[in-house]
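Q: My questions all concern the structure below.
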Amino acid sequence: QVQLVESGGGLVQPGGSLRLSCAASGSIFALYGMAWYRQAPGKQRDLVAIITRSGLTHYADSVKDRFTISKDNANNTAYLQMNSLKPEDTAVYYCCTYRSSPTYWGQGTQVTVSS
């Protein structure tokens with residue numbers, strides 16, 4: 001059973017930055033890509049970014065050029081660097097393992113962008 005634990009969320013002003021972390025149990029990056037999703041109140045959970053096992057990345061149009069997904073294979077941790085944050089980025093952010101679809105999920109971390 002894969003366990004994922006997100007951290008790094010919080011309250012930030014518009015234009016600010018946050019870095020989310022997703023710590024995985026065990027060396028799973030050889031088996032799975034990783035992804036970040038987010039879910040705002042009353043809305044569906046949407047894909048934010050994917051990083052494949054080989055390191056290729058894909059971003060939702062709404063975050064392209066502002067967010068960066070990465071992973072540290074040695075520390076079994078994935079990251080989401082979020083810059084130029086906007087109020088519409090407010091959501092619970094979830095990391096997950098990913099092949100052709102999400103498999104294992106973390107518990108989520110709240111990101112609130114507000115002045």
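Numbering starts fresh at 1 for the residues of each chain in the structure tokens, the chains themselves are lettered A, B, ... in the order given, and ligands are numbered from 1 as they appear.
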Would you please give, as a PyMOL selection string, all residues of segment 14-86 of chain A that DSSP assigns to strand (DSSP E or B) based on the backbone?
A: chain A and resi 18-24+33-39+45-51+57-59+67-72+77-82
Q: Can you tell me, as a tab-separated table (two decimals) with all heavy atoms, in the first residue's frame, which residues in segment 8-111 of chain A count as helix (DSSP H, G or I) by DSSP?
A:
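Writing done, so here's selection07.tsv:
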```tsv
chain	number	residue	atom	x	y	z
A	73	ASN	N	13.93	11.76	-6.56
A	73	ASN	CA	13.88	10.31	-6.47
A	73	ASN	C	14.59	9.78	-5.22
A	73	ASN	O	14.14	8.80	-4.61
A	73	ASN	CB	14.50	9.68	-7.71
A	73	ASN	CG	13.67	9.93	-8.96
A	73	ASN	OD1	12.47	10.16	-8.88
A	73	ASN	ND2	14.32	9.89	-10.10
A	74	ALA	N	15.65	10.42	-4.84
A	74	ALA	CA	16.43	9.95	-3.69
A	74	ALA	C	15.63	10.07	-2.39
A	74	ALA	O	15.79	9.25	-1.48
A	74	ALA	CB	17.73	10.71	-3.58
A	75	ASN	N	14.79	11.10	-2.31
A	75	ASN	CA	14.02	11.34	-1.08
A	75	ASN	C	12.55	10.95	-1.20
A	75	ASN	O	11.77	11.21	-0.29
A	75	ASN	CB	14.13	12.81	-0.68
A	75	ASN	CG	15.53	13.16	-0.22
A	75	ASN	OD1	16.12	12.44	0.58
A	75	ASN	ND2	16.08	14.26	-0.74
A	87	PRO	N	-6.28	34.36	-6.53
A	87	PRO	CA	-7.39	33.88	-5.68
A	87	PRO	C	-8.06	32.63	-6.23
A	87	PRO	O	-8.50	31.77	-5.46
A	87	PRO	CB	-8.34	35.08	-5.66
A	87	PRO	CG	-7.46	36.26	-5.83
A	87	PRO	CD	-6.39	35.81	-6.77
A	88	GLU	N	-8.12	32.51	-7.54
A	88	GLU	CA	-8.75	31.33	-8.15
A	88	GLU	C	-7.92	30.07	-8.00
A	88	GLU	O	-8.38	28.98	-8.36
A	88	GLU	CB	-9.09	31.58	-9.61
A	88	GLU	CG	-7.93	32.08	-10.44
A	88	GLU	CD	-7.95	33.59	-10.61
A	88	GLU	OE1	-8.20	34.31	-9.60
A	88	GLU	OE2	-7.69	34.06	-11.73
A	89	ASP	N	-6.72	30.16	-7.47
A	89	ASP	CA	-5.92	28.97	-7.17
A	89	ASP	C	-6.29	28.37	-5.81
A	89	ASP	O	-5.80	27.31	-5.44
A	89	ASP	CB	-4.43	29.32	-7.15
A	89	ASP	CG	-3.91	29.73	-8.51
A	89	ASP	OD1	-4.29	29.10	-9.51
A	89	ASP	OD2	-3.12	30.70	-8.57
```
Q: Counting only C-alpha atoms, what is within 9 Å of Leu85 of chain A, bar same-chain residues fewer than 3 positions away, as an MDAnalysis selection string?
A: chainID A and resid 12:18 66:67 82 88:90 113
Q: Could the residues in this selection be written to a file with N, CA, C and O atoms, as a PDB file, in the first residue's frame?
A:
```pdb
ATOM      1  N   VAL A  12      -1.729  32.648   1.578  1.00  0.00           N
ATOM      2  CA  VAL A  12      -0.750  33.498   0.900  1.00  0.00           C
ATOM      3  C   VAL A  12      -1.490  34.612   0.172  1.00  0.00           C
ATOM      4  O   VAL A  12      -2.640  34.428  -0.256  1.00  0.00           O
ATOM      5  N   GLN A  13      -0.853  35.750   0.051  1.00  0.00           N
ATOM      6  CA  GLN A  13      -1.450  36.872  -0.661  1.00  0.00           C
ATOM      7  C   GLN A  13      -1.359  36.668  -2.167  1.00  0.00           C
ATOM      8  O   GLN A  13      -0.458  35.962  -2.654  1.00  0.00           O
ATOM      9  N   PRO A  14      -2.264  37.268  -2.915  1.00  0.00           N
ATOM     10  CA  PRO A  14      -2.153  37.211  -4.386  1.00  0.00           C
ATOM     11  C   PRO A  14      -0.775  37.681  -4.845  1.00  0.00           C
ATOM     12  O   PRO A  14      -0.235  38.670  -4.319  1.00  0.00           O
ATOM     13  N   GLY A  15      -0.223  36.941  -5.809  1.00  0.00           N
ATOM     14  CA  GLY A  15       1.116  37.239  -6.291  1.00  0.00           C
ATOM     15  C   GLY A  15       2.215  36.508  -5.549  1.00  0.00           C
ATOM     16  O   GLY A  15       3.374  36.523  -5.982  1.00  0.00           O
ATOM     17  N   GLY A  16       1.862  35.869  -4.456  1.00  0.00           N
ATOM     18  CA  GLY A  16       2.844  35.165  -3.647  1.00  0.00           C
ATOM     19  C   GLY A  16       3.146  33.774  -4.166  1.00  0.00           C
ATOM     20  O   GLY A  16       2.646  33.360  -5.217  1.00  0.00           O
ATOM     21  N   SER A  17       3.975  33.054  -3.397  1.00  0.00           N
ATOM     22  CA  SER A  17       4.428  31.720  -3.789  1.00  0.00           C
ATOM     23  C   SER A  17       4.279  30.745  -2.632  1.00  0.00           C
ATOM     24  O   SER A  17       4.345  31.136  -1.465  1.00  0.00           O
ATOM     25  N   LEU A  18       4.100  29.488  -2.991  1.00  0.00           N
ATOM     26  CA  LEU A  18       4.123  28.379  -2.045  1.00  0.00           C
ATOM     27  C   LEU A  18       4.763  27.185  -2.736  1.00  0.00           C
ATOM     28  O   LEU A  18       4.683  27.053  -3.960  1.00  0.00           O
ATOM     29  N   ARG A  66       3.303  29.270 -14.402  1.00  0.00           N
ATOM     30  CA  ARG A  66       3.294  29.732 -13.003  1.00  0.00           C
ATOM     31  C   ARG A  66       3.677  28.617 -12.028  1.00  0.00           C
ATOM     32  O   ARG A  66       4.297  28.904 -10.996  1.00  0.00           O
ATOM     33  N   PHE A  67       3.278  27.385 -12.338  1.00  0.00           N
ATOM     34  CA  PHE A  67       3.531  26.252 -11.455  1.00  0.00           C
ATOM     35  C   PHE A  67       4.596  25.357 -12.076  1.00  0.00           C
ATOM     36  O   PHE A  67       4.670  25.232 -13.309  1.00  0.00           O
ATOM     37  N   MET A  82       4.532  26.822  -6.706  1.00  0.00           N
ATOM     38  CA  MET A  82       3.445  27.658  -7.203  1.00  0.00           C
ATOM     39  C   MET A  82       3.838  29.124  -7.044  1.00  0.00           C
ATOM     40  O   MET A  82       4.050  29.591  -5.924  1.00  0.00           O
ATOM     41  N   GLU A  88      -8.118  32.508  -7.540  1.00  0.00           N
ATOM     42  CA  GLU A  88      -8.750  31.327  -8.145  1.00  0.00           C
ATOM     43  C   GLU A  88      -7.919  30.066  -8.001  1.00  0.00           C
ATOM     44  O   GLU A  88      -8.384  28.976  -8.358  1.00  0.00           O
ATOM     45  N   ASP A  89      -6.721  30.157  -7.475  1.00  0.00           N
ATOM     46  CA  ASP A  89      -5.916  28.975  -7.165  1.00  0.00           C
ATOM     47  C   ASP A  89      -6.294  28.375  -5.813  1.00  0.00           C
ATOM     48  O   ASP A  89      -5.799  27.310  -5.443  1.00  0.00           O
ATOM     49  N   THR A  90      -7.163  29.049  -5.073  1.00  0.00           N
ATOM     50  CA  THR A  90      -7.598  28.544  -3.773  1.00  0.00           C
ATOM     51  C   THR A  90      -8.312  27.211  -3.923  1.00  0.00           C
ATOM     52  O   THR A  90      -9.259  27.086  -4.692  1.00  0.00           O
ATOM     53  N   VAL A 113      -5.542  31.656  -1.274  1.00  0.00           N
ATOM     54  CA  VAL A 113      -4.915  32.863  -1.810  1.00  0.00           C
ATOM     55  C   VAL A 113      -5.879  34.020  -1.590  1.00  0.00           C
ATOM     56  O   VAL A 113      -6.939  34.099  -2.208  1.00  0.00           O
TER      57      VAL A 113
END
```
Q: Please measure the separation of atom CA of Ala35 of chain A and atom CA of Ser114 of chain A, giving the value in Å to one decimal.
A: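 Atom-to-atom, atom CA of Ala35 of chain A to atom CA of Ser114 of chain A, that is 24.9 Å.
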Q: Determine, using only C-alpha atoms, which residues of segment 71-109 of chain A have any atom at most 12 Å from an atom of segment 45-58 of chain A, and tabulate each with its shortest atom pair and distance in Å to one decimal place, rows ordered by chain and then rising number, as a tab-separated table.
A:
```
residue	atom	partner	partner_atom	distance
A:Lys71	CA	A:Ile51	CA	7.9
A:Asp72	CA	A:Gly55	CA	10.5
A:Asn73	CA	A:Arg53	CA	9.8
A:Ala78	CA	A:Ile51	CA	9.0
A:Tyr79	CA	A:Ile51	CA	10.0
A:Leu80	CA	A:Ala49	CA	8.4
A:Gln81	CA	A:Ala49	CA	10.7
A:Met82	CA	A:Val48	CA	10.8
A:Asp89	CA	A:Val48	CA	10.2
A:Ala91	CA	A:Arg45	CA	9.4
A:Val92	CA	A:Arg45	CA	9.0
A:Tyr93	CA	A:Val48	CA	8.9
A:Tyr94	CA	A:Arg45	CA	9.0
A:Cys95	CA	A:Ala49	CA	9.6
A:Cys96	CA	A:Ile50	CA	9.5
A:Thr97	CA	A:Ile50	CA	9.4
A:Tyr98	CA	A:Ile50	CA	7.8
A:Arg99	CA	A:Thr52	CA	7.8
A:Ser100	CA	A:Thr52	CA	10.1
A:Ser101	CA	A:Ile50	CA	10.4
A:Pro102	CA	A:Leu47	CA	9.8
A:Gly108	CA	A:Arg45	CA	11.4
```
Q: Residues as selected, N, CA and C atoms, written as a PDB file, in the first residue's frame, can you do that?
A:
```
ATOM      1  N   LYS A  71      10.319  16.211  -8.862  1.00  0.00           N
ATOM      2  CA  LYS A  71      10.401  15.108  -7.916  1.00  0.00           C
ATOM      3  C   LYS A  71      11.859  14.856  -7.572  1.00  0.00           C
ATOM      4  N   ASP A  72      12.047  14.375  -6.363  1.00  0.00           N
ATOM      5  CA  ASP A  72      13.372  14.016  -5.869  1.00  0.00           C
ATOM      6  C   ASP A  72      13.355  12.516  -5.641  1.00  0.00           C
ATOM      7  N   ASN A  73      13.932  11.762  -6.561  1.00  0.00           N
ATOM      8  CA  ASN A  73      13.880  10.306  -6.474  1.00  0.00           C
ATOM      9  C   ASN A  73      14.589   9.784  -5.221  1.00  0.00           C
ATOM     10  N   ALA A  78       7.729  14.406  -4.118  1.00  0.00           N
ATOM     11  CA  ALA A  78       7.329  15.217  -5.266  1.00  0.00           C
ATOM     12  C   ALA A  78       6.985  16.617  -4.765  1.00  0.00           C
ATOM     13  N   TYR A  79       7.131  17.587  -5.655  1.00  0.00           N
ATOM     14  CA  TYR A  79       6.914  18.985  -5.281  1.00  0.00           C
ATOM     15  C   TYR A  79       6.015  19.676  -6.300  1.00  0.00           C
ATOM     16  N   LEU A  80       5.373  20.718  -5.829  1.00  0.00           N
ATOM     17  CA  LEU A  80       4.660  21.626  -6.723  1.00  0.00           C
ATOM     18  C   LEU A  80       5.018  23.043  -6.294  1.00  0.00           C
ATOM     19  N   GLN A  81       5.858  23.699  -7.085  1.00  0.00           N
ATOM     20  CA  GLN A  81       6.216  25.091  -6.836  1.00  0.00           C
ATOM     21  C   GLN A  81       5.168  25.970  -7.499  1.00  0.00           C
ATOM     22  N   MET A  82       4.532  26.822  -6.706  1.00  0.00           N
ATOM     23  CA  MET A  82       3.445  27.658  -7.203  1.00  0.00           C
ATOM     24  C   MET A  82       3.838  29.124  -7.044  1.00  0.00           C
ATOM     25  N   ASP A  89      -6.721  30.157  -7.475  1.00  0.00           N
ATOM     26  CA  ASP A  89      -5.916  28.975  -7.165  1.00  0.00           C
ATOM     27  C   ASP A  89      -6.294  28.375  -5.813  1.00  0.00           C
ATOM     28  N   ALA A  91      -7.821  26.209  -3.201  1.00  0.00           N
ATOM     29  CA  ALA A  91      -8.367  24.849  -3.301  1.00  0.00           C
ATOM     30  C   ALA A  91      -7.633  23.944  -2.318  1.00  0.00           C
ATOM     31  N   VAL A  92      -8.148  22.739  -2.163  1.00  0.00           N
ATOM     32  CA  VAL A  92      -7.389  21.679  -1.522  1.00  0.00           C
ATOM     33  C   VAL A  92      -6.575  20.998  -2.615  1.00  0.00           C
ATOM     34  N   TYR A  93      -5.286  20.874  -2.387  1.00  0.00           N
ATOM     35  CA  TYR A  93      -4.380  20.272  -3.357  1.00  0.00           C
ATOM     36  C   TYR A  93      -4.028  18.853  -2.920  1.00  0.00           C
ATOM     37  N   TYR A  94      -4.155  17.922  -3.862  1.00  0.00           N
ATOM     38  CA  TYR A  94      -3.897  16.512  -3.604  1.00  0.00           C
ATOM     39  C   TYR A  94      -2.779  16.023  -4.519  1.00  0.00           C
ATOM     40  N   CYS A  95      -1.876  15.231  -3.965  1.00  0.00           N
ATOM     41  CA  CYS A  95      -0.937  14.525  -4.827  1.00  0.00           C
ATOM     42  C   CYS A  95      -1.415  13.087  -4.989  1.00  0.00           C
ATOM     43  N   CYS A  96      -0.975  12.469  -6.071  1.00  0.00           N
ATOM     44  CA  CYS A  96      -1.348  11.084  -6.325  1.00  0.00           C
ATOM     45  C   CYS A  96      -0.293  10.423  -7.185  1.00  0.00           C
ATOM     46  N   THR A  97      -0.238   9.121  -7.109  1.00  0.00           N
ATOM     47  CA  THR A  97       0.551   8.370  -8.074  1.00  0.00           C
ATOM     48  C   THR A  97      -0.240   8.321  -9.378  1.00  0.00           C
ATOM     49  N   TYR A  98       0.477   8.186 -10.486  1.00  0.00           N
ATOM     50  CA  TYR A  98      -0.201   8.359 -11.771  1.00  0.00           C
ATOM     51  C   TYR A  98       0.446   7.487 -12.832  1.00  0.00           C
ATOM     52  N   ARG A  99      -0.389   6.719 -13.518  1.00  0.00           N
ATOM     53  CA  ARG A  99       0.056   6.062 -14.751  1.00  0.00           C
ATOM     54  C   ARG A  99      -0.832   6.604 -15.856  1.00  0.00           C
ATOM     55  N   SER A 100      -1.800   5.896 -16.280  1.00  0.00           N
ATOM     56  CA  SER A 100      -2.754   6.471 -17.225  1.00  0.00           C
ATOM     57  C   SER A 100      -3.880   7.174 -16.493  1.00  0.00           C
ATOM     58  N   SER A 101      -3.935   6.982 -15.181  1.00  0.00           N
ATOM     59  CA  SER A 101      -4.938   7.633 -14.342  1.00  0.00           C
ATOM     60  C   SER A 101      -4.423   7.637 -12.909  1.00  0.00           C
ATOM     61  N   PRO A 102      -5.054   8.430 -12.044  1.00  0.00           N
ATOM     62  CA  PRO A 102      -4.612   8.432 -10.649  1.00  0.00           C
ATOM     63  C   PRO A 102      -4.846   7.083  -9.986  1.00  0.00           C
ATOM     64  N   GLY A 108      -4.488  15.560   1.127  1.00  0.00           N
ATOM     65  CA  GLY A 108      -4.742  16.923   0.684  1.00  0.00           C
ATOM     66  C   GLY A 108      -4.177  17.976   1.613  1.00  0.00           C
TER      67      GLY A 108
END
```
Q: With distances taken over only C-alpha atoms, which residue among A:Ile28, A:Leu11, A:Val2, A:Ala40 lies nearest Asn76 of chain A?
A: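 Of the candidates, the smallest distance to Asn76 of chain A is held by A:Ile28.
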Q: Suppose you want the space between atom CA of Trp105 of chain A and atom CA of Glu6 of chain A; what is it in Å?
A: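 Those two atoms sit 9.7 Å apart.
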Q: Just how far from atom CA of Lys86 of chain A is atom CA of Tyr104 of chain A, in Å to one decimal?
A: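 Distance reported for this atom pair: 27.9 Å.
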